[in-house]
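Listing of protein21.pdb; format and content: PDB, C-alpha atoms and all ligand atoms.
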ATOM      1  CA  MET A 151     105.456 110.851 112.487  1.00  0.00           C
ATOM      2  CA  ILE A 152     108.191 108.347 111.737  1.00  0.00           C
ATOM      3  CA  LEU A 153     107.811 104.919 113.216  1.00  0.00           C
ATOM      4  CA  ARG A 154     110.596 102.439 113.718  1.00  0.00           C
ATOM      5  CA  CYS A 155     110.110  98.872 114.737  1.00  0.00           C
ATOM      6  CA  GLY A 156     112.159  95.775 115.268  1.00  0.00           C
ATOM      7  CA  PRO A 157     111.390  92.252 114.049  1.00  0.00           C
ATOM      8  CA  VAL A 158     109.479  91.240 117.184  1.00  0.00           C
ATOM      9  CA  LEU A 159     107.127  88.344 116.571  1.00  0.00           C
ATOM     10  CA  GLY A 160     104.236  87.870 118.998  1.00  0.00           C
ATOM     11  CA  PRO A 161     101.764  84.973 119.168  1.00  0.00           C
ATOM     12  CA  ALA A 162      99.490  86.654 116.616  1.00  0.00           C
ATOM     13  CA  SER A 163     102.292  86.387 114.070  1.00  0.00           C
ATOM     14  CA  GLN A 164     102.437  82.606 114.082  1.00  0.00           C
ATOM     15  CA  LYS A 165     100.111  82.006 111.122  1.00  0.00           C
ATOM     16  CA  CYS A 166     102.520  83.326 108.491  1.00  0.00           C
ATOM     17  CA  LEU A 167     105.706  82.994 110.473  1.00  0.00           C
ATOM     18  CA  PRO A 168     107.269  80.227 108.384  1.00  0.00           C
ATOM     19  CA  LEU A 169     107.043  82.093 105.073  1.00  0.00           C
ATOM     20  CA  LEU A 170     108.284  85.381 106.462  1.00  0.00           C
ATOM     21  CA  PHE A 171     110.952  83.785 108.588  1.00  0.00           C
ATOM     22  CA  ILE A 172     112.303  81.799 105.671  1.00  0.00           C
ATOM     23  CA  SER A 173     112.220  84.922 103.521  1.00  0.00           C
ATOM     24  CA  LYS A 174     114.209  86.816 106.130  1.00  0.00           C
ATOM     25  CA  LYS A 175     116.679  83.986 106.575  1.00  0.00           C
ATOM     26  CA  ARG A 176     117.310  83.888 102.874  1.00  0.00           C
ATOM     27  CA  GLY A 177     117.740  87.625 102.852  1.00  0.00           C
ATOM     28  CA  TYR A 178     115.098  87.843 100.161  1.00  0.00           C
ATOM     29  CA  ILE A 179     112.686  90.234 101.822  1.00  0.00           C
ATOM     30  CA  GLY A 180     114.628  90.910 104.992  1.00  0.00           C
ATOM     31  CA  GLN A 181     117.408  92.908 103.375  1.00  0.00           C
ATOM     32  CA  MET A 182     115.167  95.113 101.248  1.00  0.00           C
ATOM     33  CA  ALA A 183     114.338  98.473 102.723  1.00  0.00           C
ATOM     34  CA  LEU A 184     111.934 101.260 101.878  1.00  0.00           C
ATOM     35  CA  LYS A 185     111.879 104.886 102.972  1.00  0.00           C
ATOM     36  CA  VAL A 186     108.743 105.270 105.091  1.00  0.00           C
ATOM     37  CA  ASN A 187     107.199 108.626 105.937  1.00  0.00           C
ATOM     38  CA  GLU A 188     104.554 107.429 108.401  1.00  0.00           C
ATOM     39  CA  ILE A 189     102.428 104.474 109.420  1.00  0.00           C
ATOM     40  CA  PHE A 190      99.039 105.209 110.931  1.00  0.00           C
ATOM     41  CA  HIS A 191      95.658 103.662 111.676  1.00  0.00           C
ATOM     42  CA  SER A 192      92.587 105.528 110.507  1.00  0.00           C
ATOM     43  CA  ILE A 193      89.327 105.326 108.593  1.00  0.00           C
ATOM     44  CA  GLN A 194      89.762 104.860 104.863  1.00  0.00           C
ATOM     45  CA  GLY A 195      88.570 108.137 103.378  1.00  0.00           C
ATOM     46  CA  GLU A 196      88.511 107.414  99.652  1.00  0.00           C
ATOM     47  CA  SER A 197      87.753 104.796  97.010  1.00  0.00           C
ATOM     48  CA  SER A 198      85.170 102.011  97.255  1.00  0.00           C
ATOM     49  CA  TRP A 199      86.810 101.048 100.582  1.00  0.00           C
ATOM     50  CA  ALA A 200      85.836 104.361 102.213  1.00  0.00           C
ATOM     51  CA  GLY A 201      84.563 104.080 105.767  1.00  0.00           C
ATOM     52  CA  LEU A 202      86.514 100.973 106.733  1.00  0.00           C
ATOM     53  CA  PRO A 203      89.256 100.946 109.383  1.00  0.00           C
ATOM     54  CA  CYS A 204      92.568 100.819 107.545  1.00  0.00           C
ATOM     55  CA  LEU A 205      96.267 100.823 108.323  1.00  0.00           C
ATOM     56  CA  PHE A 206      98.183 103.242 106.096  1.00  0.00           C
ATOM     57  CA  VAL A 207     101.824 102.916 105.116  1.00  0.00           C
ATOM     58  CA  ARG A 208     102.913 106.195 103.551  1.00  0.00           C
ATOM     59  CA  LEU A 209     106.139 105.933 101.573  1.00  0.00           C
ATOM     60  CA  THR A 210     108.455 108.869 100.999  1.00  0.00           C
ATOM     61  CA  GLY A 211     108.938 110.666  97.691  1.00  0.00           C
ATOM     62  CA  CYS A 212     106.792 111.885  94.828  1.00  0.00           C
ATOM     63  CA  ASN A 213     107.623 112.580  91.180  1.00  0.00           C
ATOM     64  CA  LEU A 214     104.668 114.982  90.764  1.00  0.00           C
ATOM     65  CA  ARG A 215     103.770 118.349  92.277  1.00  0.00           C
ATOM     66  CA  CYS A 216      99.981 118.660  92.063  1.00  0.00           C
ATOM     67  CA  ALA A 217      98.567 122.140  92.629  1.00  0.00           C
ATOM     68  CA  TYR A 218      96.270 120.890  95.412  1.00  0.00           C
ATOM     69  CA  CYS A 219      98.731 118.530  97.109  1.00  0.00           C
ATOM     70  CA  ASP A 220      98.163 118.176 100.863  1.00  0.00           C
ATOM     71  CA  THR A 221     100.972 115.705 101.540  1.00  0.00           C
ATOM     72  CA  GLY A 222     104.051 117.735 100.683  1.00  0.00           C
ATOM     73  CA  TYR A 223     105.564 116.556 103.968  1.00  0.00           C
ATOM     74  CA  ALA A 224     106.011 113.153 102.324  1.00  0.00           C
ATOM     75  CA  TYR A 225     108.258 114.438  99.520  1.00  0.00           C
ATOM     76  CA  GLU A 226     111.486 114.066 101.520  1.00  0.00           C
ATOM     77  CA  GLN A 227     110.906 113.116 105.163  1.00  0.00           C
ATOM     78  CA  GLY A 228     111.198 109.508 106.206  1.00  0.00           C
ATOM     79  CA  SER A 229     113.331 106.701 107.564  1.00  0.00           C
ATOM     80  CA  LEU A 230     114.488 103.442 106.048  1.00  0.00           C
ATOM     81  CA  MET A 231     112.681 100.345 107.276  1.00  0.00           C
ATOM     82  CA  GLU A 232     113.226  96.763 106.196  1.00  0.00           C
ATOM     83  CA  ILE A 233     110.237  95.284 104.395  1.00  0.00           C
ATOM     84  CA  PHE A 234     110.086  92.485 106.935  1.00  0.00           C
ATOM     85  CA  ASP A 235     109.772  95.019 109.758  1.00  0.00           C
ATOM     86  CA  ILE A 236     107.067  97.014 107.966  1.00  0.00           C
ATOM     87  CA  ILE A 237     105.021  93.852 107.518  1.00  0.00           C
ATOM     88  CA  GLU A 238     105.399  92.898 111.163  1.00  0.00           C
ATOM     89  CA  ARG A 239     104.499  96.418 112.263  1.00  0.00           C
ATOM     90  CA  VAL A 240     101.318  96.227 110.185  1.00  0.00           C
ATOM     91  CA  ARG A 241     100.418  92.746 111.403  1.00  0.00           C
ATOM     92  CA  ARG A 242     100.773  93.695 115.051  1.00  0.00           C
ATOM     93  CA  THR A 243      98.056  96.346 114.746  1.00  0.00           C
ATOM     94  CA  GLY A 244      95.433  93.652 114.116  1.00  0.00           C
ATOM     95  CA  CYS A 245      93.950  95.623 111.199  1.00  0.00           C
ATOM     96  CA  HIS A 246      93.350  93.409 108.177  1.00  0.00           C
ATOM     97  CA  LEU A 247      93.054  96.182 105.589  1.00  0.00           C
ATOM     98  CA  VAL A 248      96.236  98.025 104.645  1.00  0.00           C
ATOM     99  CA  GLU A 249      96.903 100.722 102.079  1.00  0.00           C
ATOM    100  CA  VAL A 250     100.339 101.573 100.754  1.00  0.00           C
ATOM    101  CA  THR A 251     100.326 105.188  99.643  1.00  0.00           C
ATOM    102  CA  GLY A 252     102.582 108.218  99.254  1.00  0.00           C
ATOM    103  CA  GLY A 253     103.853 110.470  97.863  1.00  0.00           C
ATOM    104  CA  GLU A 254     104.152 108.050  95.004  1.00  0.00           C
ATOM    105  CA  PRO A 255     104.770 104.545  96.330  1.00  0.00           C
ATOM    106  CA  LEU A 256     105.924 103.061  93.013  1.00  0.00           C
ATOM    107  CA  LEU A 257     108.898 105.417  92.905  1.00  0.00           C
ATOM    108  CA  GLN A 258     110.710 102.977  95.176  1.00  0.00           C
ATOM    109  CA  ALA A 259     111.652  99.831  93.274  1.00  0.00           C
ATOM    110  CA  GLU A 260     111.067  97.550  96.278  1.00  0.00           C
ATOM    111  CA  THR A 261     107.407  98.522  96.742  1.00  0.00           C
ATOM    112  CA  PRO A 262     106.003  95.552  94.748  1.00  0.00           C
ATOM    113  CA  GLN A 263     107.857  93.218  97.145  1.00  0.00           C
ATOM    114  CA  LEU A 264     106.256  94.973 100.117  1.00  0.00           C
ATOM    115  CA  LEU A 265     102.796  94.605  98.567  1.00  0.00           C
ATOM    116  CA  SER A 266     103.293  90.898  97.843  1.00  0.00           C
ATOM    117  CA  GLY A 267     104.677  90.344 101.337  1.00  0.00           C
ATOM    118  CA  LEU A 268     101.626  91.980 102.928  1.00  0.00           C
ATOM    119  CA  ILE A 269      99.332  89.806 100.795  1.00  0.00           C
ATOM    120  CA  GLU A 270     101.276  86.680 101.763  1.00  0.00           C
ATOM    121  CA  ALA A 271     100.773  87.703 105.392  1.00  0.00           C
ATOM    122  CA  GLY A 272      97.026  87.318 104.868  1.00  0.00           C
ATOM    123  CA  LEU A 273      96.095  90.999 104.618  1.00  0.00           C
ATOM    124  CA  THR A 274      93.799  92.787 102.176  1.00  0.00           C
ATOM    125  CA  VAL A 275      96.114  95.184 100.395  1.00  0.00           C
ATOM    126  CA  LEU A 276      95.416  98.419  98.538  1.00  0.00           C
ATOM    127  CA  LEU A 277      97.887 100.500  96.578  1.00  0.00           C
ATOM    128  CA  GLU A 278      97.173 104.177  95.916  1.00  0.00           C
ATOM    129  CA  THR A 279      99.293 105.475  93.074  1.00  0.00           C
ATOM    130  CA  ASN A 280      99.326 108.780  91.213  1.00  0.00           C
ATOM    131  CA  GLY A 281      98.995 107.102  87.827  1.00  0.00           C
ATOM    132  CA  SER A 282     102.204 108.393  86.297  1.00  0.00           C
ATOM    133  CA  LEU A 283     104.081 105.073  86.621  1.00  0.00           C
ATOM    134  CA  ASP A 284     103.478 101.587  85.220  1.00  0.00           C
ATOM    135  CA  ILE A 285     101.375  99.484  87.607  1.00  0.00           C
ATOM    136  CA  GLY A 286     102.335  96.324  85.694  1.00  0.00           C
ATOM    137  CA  PRO A 287     104.899  95.086  88.272  1.00  0.00           C
ATOM    138  CA  VAL A 288     102.319  95.161  91.091  1.00  0.00           C
ATOM    139  CA  ASP A 289     100.912  91.863  92.367  1.00  0.00           C
ATOM    140  CA  PRO A 290      97.460  91.402  90.726  1.00  0.00           C
ATOM    141  CA  ARG A 291      96.066  90.270  94.106  1.00  0.00           C
ATOM    142  CA  CYS A 292      96.508  93.871  95.276  1.00  0.00           C
ATOM    143  CA  ALA A 293      93.660  96.326  94.637  1.00  0.00           C
ATOM    144  CA  ARG A 294      95.290  99.136  92.708  1.00  0.00           C
ATOM    145  CA  ILE A 295      93.706 102.577  93.060  1.00  0.00           C
ATOM    146  CA  VAL A 296      95.078 104.625  90.197  1.00  0.00           C
ATOM    147  CA  ASP A 297      94.741 108.388  89.837  1.00  0.00           C
ATOM    148  CA  VAL A 298      94.176 109.991  86.477  1.00  0.00           C
ATOM    149  CA  LYS A 299      95.412 113.537  86.932  1.00  0.00           C
ATOM    150  CA  CYS A 300      93.004 116.175  85.627  1.00  0.00           C
ATOM    151  CA  PRO A 301      94.048 119.571  84.197  1.00  0.00           C
ATOM    152  CA  SER A 302      93.696 121.604  87.406  1.00  0.00           C
ATOM    153  CA  SER A 303      96.356 119.440  89.053  1.00  0.00           C
ATOM    154  CA  GLY A 304      98.876 120.848  86.552  1.00  0.00           C
ATOM    155  CA  MET A 305     100.116 117.264  86.118  1.00  0.00           C
ATOM    156  CA  SER A 306      97.759 115.750  83.535  1.00  0.00           C
ATOM    157  CA  HIS A 307     100.617 115.496  81.011  1.00  0.00           C
ATOM    158  CA  LYS A 308     102.243 112.960  83.360  1.00  0.00           C
ATOM    159  CA  ASN A 309      99.461 110.348  83.207  1.00  0.00           C
ATOM    160  CA  ASP A 310     100.591 106.907  82.029  1.00  0.00           C
ATOM    161  CA  LEU A 311      97.417 106.120  80.115  1.00  0.00           C
ATOM    162  CA  GLY A 312      98.791 102.662  79.369  1.00  0.00           C
ATOM    163  CA  ASN A 313      97.606 101.857  82.898  1.00  0.00           C
ATOM    164  CA  LEU A 314      94.017 101.966  81.640  1.00  0.00           C
ATOM    165  CA  GLN A 315      94.732  98.713  79.773  1.00  0.00           C
ATOM    166  CA  ARG A 316      96.338  97.142  82.842  1.00  0.00           C
ATOM    167  CA  LEU A 317      93.365  97.530  85.175  1.00  0.00           C
ATOM    168  CA  GLY A 318      91.263  94.613  86.353  1.00  0.00           C
ATOM    169  CA  LYS A 319      87.954  94.273  88.160  1.00  0.00           C
ATOM    170  CA  ARG A 320      89.426  94.670  91.634  1.00  0.00           C
ATOM    171  CA  ASP A 321      91.180  97.901  90.604  1.00  0.00           C
ATOM    172  CA  GLU A 322      89.876 101.468  90.696  1.00  0.00           C
ATOM    173  CA  LEU A 323      90.413 104.725  88.877  1.00  0.00           C
ATOM    174  CA  LYS A 324      90.219 108.005  90.748  1.00  0.00           C
ATOM    175  CA  PHE A 325      89.656 111.387  89.145  1.00  0.00           C
ATOM    176  CA  VAL A 326      90.153 114.368  91.481  1.00  0.00           C
ATOM    177  CA  ILE A 327      87.951 117.107  90.050  1.00  0.00           C
ATOM    178  CA  GLY A 328      88.068 120.841  90.763  1.00  0.00           C
ATOM    179  CA  THR A 329      86.475 122.450  87.706  1.00  0.00           C
ATOM    180  CA  ARG A 330      84.069 121.780  84.846  1.00  0.00           C
ATOM    181  CA  LYS A 331      87.126 121.371  82.598  1.00  0.00           C
ATOM    182  CA  ASP A 332      88.392 118.596  84.899  1.00  0.00           C
ATOM    183  CA  TYR A 333      84.992 116.935  84.789  1.00  0.00           C
ATOM    184  CA  GLU A 334      84.883 116.969  80.991  1.00  0.00           C
ATOM    185  CA  PHE A 335      88.449 115.632  80.851  1.00  0.00           C
ATOM    186  CA  ALA A 336      87.480 112.762  83.181  1.00  0.00           C
ATOM    187  CA  ARG A 337      84.314 112.052  81.210  1.00  0.00           C
ATOM    188  CA  ALA A 338      86.317 111.843  77.982  1.00  0.00           C
ATOM    189  CA  ILE A 339      88.769 109.352  79.515  1.00  0.00           C
ATOM    190  CA  LEU A 340      85.826 107.364  80.824  1.00  0.00           C
ATOM    191  CA  GLY A 341      84.535 107.069  77.252  1.00  0.00           C
ATOM    192  CA  THR A 342      87.654 105.107  76.319  1.00  0.00           C
ATOM    193  CA  ILE A 343      87.209 102.434  79.020  1.00  0.00           C
ATOM    194  CA  PRO A 344      84.840  99.483  78.593  1.00  0.00           C
ATOM    195  CA  GLU A 345      82.025  99.729  81.155  1.00  0.00           C
ATOM    196  CA  GLY A 346      82.612  97.459  84.133  1.00  0.00           C
ATOM    197  CA  LYS A 347      86.352  97.150  83.536  1.00  0.00           C
ATOM    198  CA  CYS A 348      87.120  98.580  86.980  1.00  0.00           C
ATOM    199  CA  LYS A 349      85.543 100.800  89.630  1.00  0.00           C
ATOM    200  CA  ILE A 350      85.507 104.522  88.880  1.00  0.00           C
ATOM    201  CA  ASN A 351      85.632 107.305  91.479  1.00  0.00           C
ATOM    202  CA  PHE A 352      85.007 111.006  90.908  1.00  0.00           C
ATOM    203  CA  SER A 353      86.279 112.998  93.868  1.00  0.00           C
ATOM    204  CA  PRO A 354      85.674 116.756  94.313  1.00  0.00           C
ATOM    205  CA  ILE A 355      88.656 118.774  95.526  1.00  0.00           C
ATOM    206  CA  PHE A 356      87.885 119.799  99.083  1.00  0.00           C
ATOM    207  CA  ASN A 357      86.938 123.501  99.278  1.00  0.00           C
ATOM    208  CA  ALA A 358      87.414 123.949  95.516  1.00  0.00           C
ATOM    209  CA  ILE A 359      84.134 122.654  94.108  1.00  0.00           C
ATOM    210  CA  GLU A 360      80.824 121.801  95.749  1.00  0.00           C
ATOM    211  CA  ALA A 361      80.091 118.093  95.903  1.00  0.00           C
ATOM    212  CA  ARG A 362      76.476 118.813  94.952  1.00  0.00           C
ATOM    213  CA  LEU A 363      77.606 120.449  91.687  1.00  0.00           C
ATOM    214  CA  LEU A 364      79.699 117.433  90.751  1.00  0.00           C
ATOM    215  CA  ALA A 365      76.806 115.185  91.787  1.00  0.00           C
ATOM    216  CA  ARG A 366      74.471 117.100  89.468  1.00  0.00           C
ATOM    217  CA  TRP A 367      76.829 116.722  86.490  1.00  0.00           C
ATOM    218  CA  ILE A 368      77.192 112.978  87.136  1.00  0.00           C
ATOM    219  CA  LEU A 369      73.414 112.537  87.330  1.00  0.00           C
ATOM    220  CA  GLU A 370      72.726 114.664  84.248  1.00  0.00           C
ATOM    221  CA  ASP A 371      75.171 112.599  82.198  1.00  0.00           C
ATOM    222  CA  ARG A 372      74.072 109.258  83.709  1.00  0.00           C
ATOM    223  CA  LEU A 373      77.692 108.400  84.430  1.00  0.00           C
ATOM    224  CA  PRO A 374      78.258 105.013  86.103  1.00  0.00           C
ATOM    225  CA  VAL A 375      80.754 106.413  88.603  1.00  0.00           C
ATOM    226  CA  ARG A 376      81.008 106.697  92.366  1.00  0.00           C
ATOM    227  CA  LEU A 377      80.942 110.186  93.899  1.00  0.00           C
ATOM    228  CA  ASN A 378      83.800 109.920  96.326  1.00  0.00           C
ATOM    229  CA  LEU A 379      84.109 112.449  99.133  1.00  0.00           C
ATOM    230  CA  GLN A 380      87.320 112.618 101.146  1.00  0.00           C
ATOM    231  CA  LEU A 381      85.731 111.184 104.266  1.00  0.00           C
ATOM    232  CA  HIS A 382      88.808 111.694 106.459  1.00  0.00           C
ATOM    233  CA  LYS A 383      88.583 115.470 105.896  1.00  0.00           C
ATOM    234  CA  PHE A 384      85.037 115.523 107.248  1.00  0.00           C
ATOM    235  CA  ILE A 385      85.971 113.372 110.243  1.00  0.00           C
ATOM    236  CA  TRP A 386      89.305 114.882 111.291  1.00  0.00           C
ATOM    237  CA  GLY A 387      89.324 118.260 109.530  1.00  0.00           C
ATOM    238  CA  PRO A 388      90.997 119.309 106.268  1.00  0.00           C
ATOM    239  CA  GLU A 389      94.376 120.179 107.795  1.00  0.00           C
ATOM    240  CA  ALA A 390      94.904 117.046 109.921  1.00  0.00           C
ATOM    241  CA  LYS A 391      97.968 114.936 109.103  1.00  0.00           C
ATOM    242  CA  GLY A 392      98.542 111.237 109.778  1.00  0.00           C
ATOM    243  CA  VAL A 393      94.829 110.430 109.985  1.00  0.00           C
TER     244      VAL A 393
HETATM  245  S1  LIG B 401     100.742 112.737  93.383  1.00  0.00           S
HETATM  246 FE1  LIG B 401      99.840 112.951  95.428  1.00  0.00          FE
HETATM  247  S2  LIG B 401     101.600 113.275  96.792  1.00  0.00           S
HETATM  248 FE2  LIG B 401     102.323 113.618  94.698  1.00  0.00          FE
HETATM  249  S3  LIG B 401     102.131 115.830  94.390  1.00  0.00           S
HETATM  250 FE3  LIG B 401     100.241 114.877  93.617  1.00  0.00          FE
HETATM  251  S4  LIG B 401      98.801 114.944  95.354  1.00  0.00           S
HETATM  252 FE4  LIG B 401     100.881 115.282  96.187  1.00  0.00          FE
END
Here is a file; write its structure as structure tokens.
Amino acid sequence: MILRCGPVLGPASQKCLPLLFISKKRGYIGQMALKVNEIFHSIQGESSWAGLPCLFVRLTGCNLRCAYCDTGYAYEQGSLMEIFDIIERVRRTGCHLVEVTGGEPLLQAETPQLLSGLIEAGLTVLLETNGSLDIGPVDPRCARIVDVKCPSSGMSHKNDLGNLQRLGKRDELKFVIGTRKDYEFARAILGTIPEGKCKINFSPIFNAIEARLLARWILEDRLPVRLNLQLHKFIWGPEAKGV
């Protein structure tokens, strides 16, 4: 689903109108565009924010090809939207939690400007990134949810492990786990991170490993991590798109 929108400002937009309007007038944000695959309203399915209503902005393009990828439709498809128009589209939904995701959102150089613009508009902003690119340019007010790719993805050689040093308390790591080898890989990475540095999520690959098995391993090892099920797959079904 590709959504287009114009810069229509309703009464609800008044709070942050001056900043955004000035930005547009100056051509600072207004002339920057991003390729957007879809924008949709759903329940956040992953991370420590799981269960909350959330507006998702899925950007086009990904530099990885994970074996279990369920969003291949975002590799190419999409339409250009000005950052200003994306922000207004998000604001008009009335949802105060927004996640920018992909594909890989940091592939597009303008993404940090979108994230900062959403924050300036008064929204709580999450970024989900595949962990292969430097998160350094991202506004620290954004909660960055960073994947560490495990071996069964076929992409673990692409991890930018320098990101582990860049994480703060509002940020999260996510390990998608399909095998015991993945689990041991994740546990080893965990051993290199000071406890409490950020939130940690272990997420079983849907239909590849039983959640109860992963739960047992976590409990046996006393790991201080969150077992993170992909809630949206239980609600809408594993094949549903744009939810
Ligand atoms: S990083 Fe995400 S979108 Fe890209 S191939 Fe892997 S699972 Fe798919």
Nearest to Phe234 in chain A, chosen from A:Leu377, A:Glu270, A:Gly211, A:Ala338, with only C-alpha atoms counted in the distances: A:Glu270
Selection dump of the PyMOL selection byres (((chain A and resi 304) around 12) and not hetatm), as a VMD selection string: chain A and resid 214 to 219 298 to 303 305 to 309 326 328 332
Which protein, DNA or RNA residues are at most 10 Å from (103.8, 103.7, 91.8) in the file's coordinates when you count all atoms listed in the file, listed as a ChimeraX atom specification? /A:212-213,250-259,261-262,277-288,294,296
Close residues, Glu334 in chain A itself excluded, 12 Å, all atoms listed in the file, min 2 positions apart in chain, as a CSV table (one decimal) with C-alpha atoms, keeping the file's coordinate frame:
chain,number,residue,atom,x,y,z
A,300,CYS,CA,93.0,116.2,85.6
A,301,PRO,CA,94.0,119.6,84.2
A,302,SER,CA,93.7,121.6,87.4
A,325,PHE,CA,89.7,111.4,89.1
A,327,ILE,CA,88.0,117.1,90.0
A,328,GLY,CA,88.1,120.8,90.8
A,329,THR,CA,86.5,122.4,87.7
A,330,ARG,CA,84.1,121.8,84.8
A,331,LYS,CA,87.1,121.4,82.6
A,332,ASP,CA,88.4,118.6,84.9
A,336,ALA,CA,87.5,112.8,83.2
A,337,ARG,CA,84.3,112.1,81.2
A,338,ALA,CA,86.3,111.8,78.0
A,339,ILE,CA,88.8,109.4,79.5
A,340,LEU,CA,85.8,107.4,80.8
A,341,GLY,CA,84.5,107.1,77.3
A,352,PHE,CA,85.0,111.0,90.9
A,364,LEU,CA,79.7,117.4,90.8
A,367,TRP,CA,76.8,116.7,86.5
A,368,ILE,CA,77.2,113.0,87.1
A,371,ASP,CA,75.2,112.6,82.2
A,373,LEU,CA,77.7,108.4,84.4
Pairwise distance for CA of Glu238 in chain A and CA of Ile269 in chain A, rounded to one decimal in Å: 12.4 Å
Taking the file as shown, what set of residues would the PyMOL selection byres (((chain A and resi 205) around 8) and not hetatm) give back, as a CSV table (one decimal) with C-alpha atoms, keeping the file's coordinate frame?
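Saved as expr_39.csv:
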chain,number,residue,atom,x,y,z
A,189,ILE,CA,102.4,104.5,109.4
A,190,PHE,CA,99.0,105.2,110.9
A,191,HIS,CA,95.7,103.7,111.7
A,192,SER,CA,92.6,105.5,110.5
A,203,PRO,CA,89.3,100.9,109.4
A,204,CYS,CA,92.6,100.8,107.5
A,206,PHE,CA,98.2,103.2,106.1
A,207,VAL,CA,101.8,102.9,105.1
A,240,VAL,CA,101.3,96.2,110.2
A,245,CYS,CA,94.0,95.6,111.2
A,246,HIS,CA,93.4,93.4,108.2
A,247,LEU,CA,93.1,96.2,105.6
A,248,VAL,CA,96.2,98.0,104.6
A,249,GLU,CA,96.9,100.7,102.1
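Separating atom FE1 of ligand LIG 401 (chain B) from CA of Leu265 in chain A is a distance of 18.8 Å.
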Straight-line distance linking atom S4 of ligand LIG 401 (chain B) with CA of Pro290 in chain A, stated in Å to one decimal: 24.0 Å
Just want the 10 Å neighbourhood of Ala200 in chain A, counted on only C-alpha atoms, with same-chain residues fewer than 5 positions away dropped. Output as a ChimeraX atom specification. /A:193-195,378-382
Store the residues picked out above in a file with C-alpha atoms, as a tab-separated table (two decimals), in the frame of the given file.
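So the final result, stored in part-v4.tsv, reads:
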chain	number	residue	atom	x	y	z
A	193	ILE	CA	89.33	105.33	108.59
A	194	GLN	CA	89.76	104.86	104.86
A	195	GLY	CA	88.57	108.14	103.38
A	378	ASN	CA	83.80	109.92	96.33
A	379	LEU	CA	84.11	112.45	99.13
A	380	GLN	CA	87.32	112.62	101.15
A	381	LEU	CA	85.73	111.18	104.27
A	382	HIS	CA	88.81	111.69	106.46
Box along x, y and z, 8 Å on every side, all listed atoms of ligand LIG 401 (chain B) inside: centre and edge lengths in Å to one decimal, as lines of an AutoDock Vina configuration file.
center_x = 100.6
center_y = 114.3
center_z = 95.1
size_x = 19.5
size_y = 19.1
size_z = 19.4
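Distances from A:Glu389, A:Asp297, A:Glu196, A:Glu370 to ligand LIG 401 (chain B) were compared using all atoms listed in the file, and the smallest one belongs to A:Asp297.
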